[in-house]
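*Asks:* Structure below; questions to follow.
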Amino acid sequence: MYKKENNYAFVDSQNVNLAIRDLGWTLDFKRFRVYLKEKYGVSKAFIFIGYVEQNKKLYEFLKQVGYTCVFKPTLEYKNGEVKGNCDAELVLQAMIEYGNYDKAVIVTGDGDFYCLVKYFIEKSKLKTVLIPNKFKFSALLKFKICRPFLRYMNDLREKLDYNIYKKRKAP
C-alpha cells in the first residue's frame with residue numbers, strides 16, 4: 001500500500017520574495033502552498049519572516065492559506081531600512097521538527113543554509129532545495145553533493161505568478 005508522504009517545507013520568505021521579484025513577477029503564496037503539497041508531499045510549511053506591525057494582514061493571510069509563520073523581530077535603521085534575518089530560526093525550526101517529518105523541502109537560494117542541506121543529505125532527510133532563481137543563487141548550493149536535490153522556480157511562473165492567475169480569473 002502507498003504511504004502518503006509527510007514532508008515539511010521551510011521557506012526563507014525574504015530570499016524567495018526578492019529573488020522572484022528580481023525575475024519580474026509576484027509569487028502567489030496561496031497557490032505556492034498548494035504546489036508544495038501536491039508536488040513534494042508537504043503536509044506542513046513553515047515560512048520565516050521578519051515581523052513588521054503594518055503587515056498583520058499579510059501574516060493572517062499566510063496562516064489562512066496553510067503556512068505556519070515563524071517571526072523574527074525586526075530592526076528599523078535611521079535610513080528607514082528594516083532588517084529581520086531569519087536564517088537561524090529556519091535552521092532551528094528544521095531541527096526542532098526533525099522527528100516529525102519524513103523529508104525536508106528547503107526553499108531558498110541562500111548559501112547560509114549549505115550546512116543544513118549537507119546534513120540533511122547525509123541523513124537521507126532532504127527531499128529538495130527549491131531555488132527561487134536559478135540564475136542568482138549561492139555557489140555553495142552548487143557543490144556536487146547538492147546538485148541532485150536542486151529544483152528551480154523560474155519555470156513556475158505560469159502556475160504561481162499572482163498577476164497571471166488574477167488575470168485568468170477575471171471575467
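Here's how to read the names in the C-alpha cells: chain A, B, ... by the order shown, residue numbers from 1 in each chain, ligand numbers from 1 in the order shown.
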Which of segment 65-112 of chain A counts as helix (DSSP H, G or I) under DSSP, as a list in words please?
*Replies:*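 Selecting the helix (DSSP H, G or I) positions of segment 65-112 of chain A gives Asp87, Ala88, Glu89, Leu90, Val91, Leu92, Gln93, Ala94, Met95, Ile96, Tyr98, Gly99, Asn100, Gly111 and Asp112 of chain A.
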*Asks:* Could you save the residues just selected, with C-alpha atoms, as an mmCIF file, in the first residue's frame?
*Replies:*
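Okay, this is what ended up in again_9.cif:
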```
data_model
loop_
_atom_site.group_PDB
_atom_site.id
_atom_site.type_symbol
_atom_site.label_atom_id
_atom_site.label_comp_id
_atom_site.auth_asym_id
_atom_site.auth_seq_id
_atom_site.Cartn_x
_atom_site.Cartn_y
_atom_site.Cartn_z
ATOM 1 C CA ASP A 87 18.297 32.146 8.872
ATOM 2 C CA ALA A 88 18.948 30.911 12.406
ATOM 3 C CA GLU A 89 15.215 30.487 13.028
ATOM 4 C CA LEU A 90 14.828 28.333 9.920
ATOM 5 C CA VAL A 91 17.700 26.042 10.902
ATOM 6 C CA LEU A 92 16.486 25.795 14.494
ATOM 7 C CA GLN A 93 12.891 25.008 13.476
ATOM 8 C CA ALA A 94 14.045 22.367 10.986
ATOM 9 C CA MET A 95 15.945 20.655 13.789
ATOM 10 C CA ILE A 96 13.169 21.060 16.389
ATOM 11 C CA TYR A 98 13.298 16.783 12.756
ATOM 12 C CA GLY A 99 11.467 13.726 14.090
ATOM 13 C CA ASN A 100 8.047 14.899 12.882
ATOM 14 C CA GLY A 111 24.229 29.641 0.875
ATOM 15 C CA ASP A 112 23.926 30.176 4.621
#
```
*Asks:* With a distance cut-off of 9 Å and only C-alpha atoms, select the neighbouring residues of Asn85 of chain A, excluding the residue or stretch itself and same-chain residues fewer than 2 positions from it, and output the selection as a list in words.
*Replies:*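 Once the nearby chain positions are removed, what remains is Gln14, Phe48, Ile49, Gly50, Lys72, Pro73, Thr74, Lys83, Asp87, Ala88 and Glu89 of chain A.
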*Asks:* If you count only C-alpha atoms, which residues fall within 9 Å of Leu27 of chain A, apart from same-chain ones fewer than 5 positions away, as number ranges by chain?
*Replies:* A: 16-17, 20-21, 32, 157, 160-163
*Asks:* Identify, with DSSP run on backbone atoms, the residues in chain A assigned to strand (DSSP E), and express the list as an mmCIF file with C-alpha atoms, in the first residue's frame.
*Replies:*
```cif
data_model
loop_
_atom_site.group_PDB
_atom_site.id
_atom_site.type_symbol
_atom_site.label_atom_id
_atom_site.label_comp_id
_atom_site.auth_asym_id
_atom_site.auth_seq_id
_atom_site.Cartn_x
_atom_site.Cartn_y
_atom_site.Cartn_z
ATOM 1 C CA ASN A 7 7.310 16.254 4.299
ATOM 2 C CA TYR A 8 7.822 19.705 5.811
ATOM 3 C CA ALA A 9 8.790 22.835 3.909
ATOM 4 C CA PHE A 10 10.987 25.551 5.362
ATOM 5 C CA VAL A 11 10.564 28.762 3.357
ATOM 6 C CA ASP A 12 13.045 31.641 3.556
ATOM 7 C CA VAL A 42 4.385 18.872 2.096
ATOM 8 C CA SER A 43 1.988 18.464 4.996
ATOM 9 C CA LYS A 44 3.338 21.441 6.955
ATOM 10 C CA ALA A 45 5.003 24.572 5.594
ATOM 11 C CA PHE A 46 6.911 26.956 7.816
ATOM 12 C CA ILE A 47 7.537 30.451 6.496
ATOM 13 C CA PHE A 48 10.211 32.559 8.162
ATOM 14 C CA ILE A 49 9.568 36.263 8.098
ATOM 15 C CA GLY A 50 10.599 39.430 9.894
ATOM 16 C CA TYR A 51 7.729 40.844 11.944
ATOM 17 C CA TYR A 67 1.614 28.338 6.451
ATOM 18 C CA THR A 68 2.969 28.272 9.959
ATOM 19 C CA CYS A 69 4.581 31.677 10.395
ATOM 20 C CA VAL A 70 7.790 31.942 12.366
ATOM 21 C CA PHE A 71 8.578 35.567 13.117
ATOM 22 C CA LYS A 72 11.774 37.361 13.907
ATOM 23 C CA PRO A 73 11.715 40.802 15.484
ATOM 24 C CA LEU A 75 15.165 46.401 13.493
ATOM 25 C CA GLU A 76 14.464 49.673 11.729
ATOM 26 C CA VAL A 82 14.147 47.218 8.038
ATOM 27 C CA LYS A 83 16.177 44.110 8.872
ATOM 28 C CA ALA A 104 12.590 18.464 4.250
ATOM 29 C CA VAL A 105 11.944 20.863 1.399
ATOM 30 C CA ILE A 106 14.178 23.909 1.828
ATOM 31 C CA VAL A 107 13.020 26.928 -0.195
ATOM 32 C CA LEU A 126 16.304 16.076 2.209
ATOM 33 C CA LYS A 127 13.572 15.959 -0.410
ATOM 34 C CA THR A 128 14.704 19.013 -2.375
ATOM 35 C CA VAL A 129 16.125 22.510 -2.280
ATOM 36 C CA LEU A 130 13.752 24.723 -4.206
ATOM 37 C CA ILE A 131 15.761 27.657 -5.587
ATOM 38 C CA LEU A 150 18.189 21.317 -6.654
ATOM 39 C CA ARG A 151 14.939 22.386 -8.303
ATOM 40 C CA TYR A 152 14.122 25.846 -9.628
#
```
